[in-house]
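Visitor: Just dropping this structure here.
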Amino acid sequence: MSGHYAQAASISLAGSTHQLFSDAGLSGHLKLSVILPVRNERENIWNTLEALRHQQDGLGSPLSFAYYEVLFLANNCTDDSAEIGRAYQQLYPEFQLHIEEIMLDNDVAHIGTVRRLLMDAAYNRFAVLNKHDGIIASTDSDSEVDKNWIHNTIQEINKGNDVVGGRILTRPERTVSRAYYLRDVTYKHLVSKAEALLDPIDNDPWPRHYQCFGASFAVTCSIYDLSGRLPVVPFLEDMAFHKALTRIDAKIRLSPLVKVMTSTRIQGRVGFGLSIQLKQWGEMNEAHDPILVEQADTLFQKFSARRRLRTVWNERQNQLRHKNAHIRRISEMLMLEEHWLEDQINGSLYFGMLWEKIEDELGKGCWMDNWPKIDVVKVIPDLRYKIQEYQRTGS
């Protein structure tokens with residue numbers, strides 16, 4: 001056990017080390033452990049728990065409580081969220097709901113710490129059962145998972161995937177940020193479709209989406225460990241975790257079958273997240289500021305180059321014929337120095353690690369000067385047209 005892990009796996013309470021969640025009564029049939037960070041969610045937590053309790057299998061029958069559990073961690077609450085959770089626990093004792101309440105010091109009282117504590121606790125519980133294929137699933141306490149959320153997550157993992165990102169939906173509301181939110185969703189949906197066409201990945205075919213965030217993601221214990229575990233950062237910890245998973249070529253499935261409905265409030269519980277983004281979009285709307293995004297031609301060039309690079313990577317052990325010509329062409333497409341690109345290929349352990357280095361280089365090179373970001377309102381119709389043309393002609 002590494003020191004970094006040991007620090008995050010337990011907490012110091014009143015000068016003593018306290019292990020979260022007792023192992024007593026662990027079900028030997030446990031397949032999936034749901035982690036649920038809770039902070040001042042008295043308005044939402046009951047509905048969140050109701051959705052988790054009413055899970056169904058693929059035939060519409062109730063999912064056995066022996067197969068899944070919920071780890072409820074109330075942290076630094078100033079309301080009665082924990083008491084509501086305990087009342088729910090007493091009302092439905094057969095539901096495998098486990099509750100802990102903690103107070104963290106201000107410097108670590110953030111979602112990165114809490115989600116990491118929860119994920120490590122779930123990992124430890126599967127370790128007790130000697131289940132390296134156990135699934136750790138995350139959602140949020142202002143969200144309501146779909147009735148087949150757990151069943152569909154397990155099904156996607158059973159197909160050989162390491163990670164499942166769920167589709168995060170919001171209820172239509174008339175707010176100043178709604179138009180910007182819909183533009184962002186539309187653009188990212190089209191980007192995901194372009195990726196699927198230009199650089200297809202066997203385990204994540206179309207239809208898919210673009211989300212792998214805290215409100216709905218799942219990961220096997222083995223890949224969680226291999227990734228270095230969830231980064232302890234104050235906010236956007238889910239995005240940092242997704243980046244770590246991509247870096248090691250984890251098989252990530254962005255499944256449209258795994259769904260969750262989440263809050264669209266603008267007063268968030270974290271330093272940055274959907275709530276803060278919605279607030280910013282509302283301010284941008286009132287100021288008539290555009291959302292700046294990558295152009296359609298930029299995306300098509302990048303994804304085409306990545307597909308070529310993936311071919312070189314996959315066949316590099318076989319001394320790919322005309323390898324130098326391929327690297328030269330890819331470097332031209334991405335405006336990178338050929339020898340630099342070859343060095344990165346040779347020095348990277350995973351393809352995801354290689355592409356991360358390239359993305360970093362593109363962000364500070366002449367690529368950005370040649371392909372400046374523009375208003376999403378202009379990009380969406382261009383991107384939609386290019387996708388339709390590619391589907392029609394194959395180029």
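Ordering of the structure tokens sets the chain letters (A, B, ...), residue numbers begin anew at 1 in every chain, and ligands are numbered from 1 in the order given.
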Which polymer residues have any atom within 8 Å of an atom of range 223-235 of chain A, counting only C-alpha atoms, with same-chain residues fewer than 4 positions away left out, as a list in words?
Guide: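 The residues satisfying every condition are Val108, His110, Ile111, Gly112, Thr113, Arg115, Arg116, Met119, Asp162, Val219, Ala240, Phe241, Ala244, Leu245, Ile248, Ala250, Val270, Gly271, Phe272 and Gly273 of chain A.
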Visitor: Take the selection from the previous step and output its residues with N, CA and C atoms, as a compact mmCIF listing (two decimals), in the first residue's frame.
Guide:
# COMPACT_ATOMS: atom_id res chain seq x y z
N VAL A 108 -8.91 20.48 3.22
CA VAL A 108 -9.18 19.25 2.46
C VAL A 108 -10.68 18.98 2.31
N HIS A 110 -13.16 19.21 0.35
CA HIS A 110 -13.63 19.42 -1.03
C HIS A 110 -13.99 18.09 -1.65
N ILE A 111 -14.61 18.14 -2.82
CA ILE A 111 -15.15 16.94 -3.46
C ILE A 111 -14.06 15.96 -3.86
N GLY A 112 -12.86 16.44 -4.17
CA GLY A 112 -11.78 15.53 -4.51
C GLY A 112 -11.43 14.60 -3.37
N THR A 113 -11.33 15.17 -2.16
CA THR A 113 -11.05 14.36 -0.97
C THR A 113 -12.17 13.37 -0.72
N ARG A 115 -14.71 12.21 -2.69
CA ARG A 115 -14.92 11.15 -3.68
C ARG A 115 -13.79 10.12 -3.62
N ARG A 116 -12.55 10.59 -3.35
CA ARG A 116 -11.43 9.66 -3.22
C ARG A 116 -11.60 8.76 -1.99
N MET A 119 -14.22 6.18 -2.94
CA MET A 119 -13.77 5.19 -3.91
C MET A 119 -12.77 4.22 -3.29
N ASP A 162 -13.56 -1.32 -19.11
CA ASP A 162 -13.01 -1.03 -17.79
C ASP A 162 -13.77 0.09 -17.09
N VAL A 219 -16.13 2.20 -12.64
CA VAL A 219 -14.79 1.72 -12.96
C VAL A 219 -14.54 0.41 -12.21
N ALA A 240 -10.23 15.02 -14.09
CA ALA A 240 -8.83 14.61 -13.87
C ALA A 240 -8.72 13.08 -13.85
N PHE A 241 -9.72 12.43 -13.27
CA PHE A 241 -9.73 10.96 -13.23
C PHE A 241 -9.91 10.39 -14.63
N ALA A 244 -6.70 10.52 -16.37
CA ALA A 244 -5.79 9.47 -15.91
C ALA A 244 -6.16 8.12 -16.51
N LEU A 245 -7.44 7.85 -16.67
CA LEU A 245 -7.90 6.60 -17.27
C LEU A 245 -7.56 6.54 -18.76
N ILE A 248 -3.88 5.68 -19.64
CA ILE A 248 -3.42 4.29 -19.58
C ILE A 248 -4.21 3.37 -20.53
N ALA A 250 -7.37 2.79 -20.78
CA ALA A 250 -8.51 2.06 -20.23
C ALA A 250 -9.61 1.99 -21.28
N VAL A 270 -19.32 22.85 -5.00
CA VAL A 270 -17.89 22.69 -5.30
C VAL A 270 -17.36 23.97 -5.95
N GLY A 271 -16.03 24.04 -6.07
CA GLY A 271 -15.41 25.23 -6.64
C GLY A 271 -15.75 25.45 -8.09
N PHE A 272 -15.92 24.33 -8.81
CA PHE A 272 -16.34 24.44 -10.20
C PHE A 272 -17.02 23.15 -10.61
N GLY A 273 -18.09 23.27 -11.37
CA GLY A 273 -18.83 22.11 -11.84
C GLY A 273 -19.95 22.60 -12.72
Visitor: If DSSP is run on the backbone, what residues of range 151-195 of chain A are alpha helix (DSSP H)? A reply as a list in words would be ideal.
Guide: His151, Asn152, Thr153, Ile154, Gln155, Glu156, Ile157, Asn158, Arg178, Ala179, Tyr180, Tyr181, Leu182, Arg183, Asp184, Val185, Thr186, Tyr187, Lys188, His189, Leu190, Val191, Ser192, Lys193, Ala194 and Glu195 of chain A
Visitor: Give me the residues near Glu101 in chain A as a ChimeraX atom specification, where near means some atom within 9 Å (using only C-alpha atoms) and where sequence neighbours in that chain fewer than 2 positions away do not count.
Guide: /A:72-77,82,99,103
Visitor: Measuring between only C-alpha atoms, which one of A:Ser263, A:Thr393, A:Thr246, A:Ser222 shows the shortest distance to Arg171 in chain A?
Guide: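 Closest residue, counting only C-alpha atoms: A:Ser263.
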Visitor: Excluding same-chain residues fewer than 5 positions from Gly85 in chain A, what lies within 10 Å of it counting only C-alpha atoms, as an MDAnalysis selection string?
Guide: chainID A and resid 38 42 45:46 49 72:74 80 90:91 97:100
Visitor: Fewer than 6 positions away in the same chain doesn't count, so skip those; otherwise give me all residues within 10 Å of Leu190 in chain A, counting only C-alpha atoms, as an NGL selection string.
Guide: :A and (196 or 209-210 or 296 or 380-381 or 383-384 or 387)
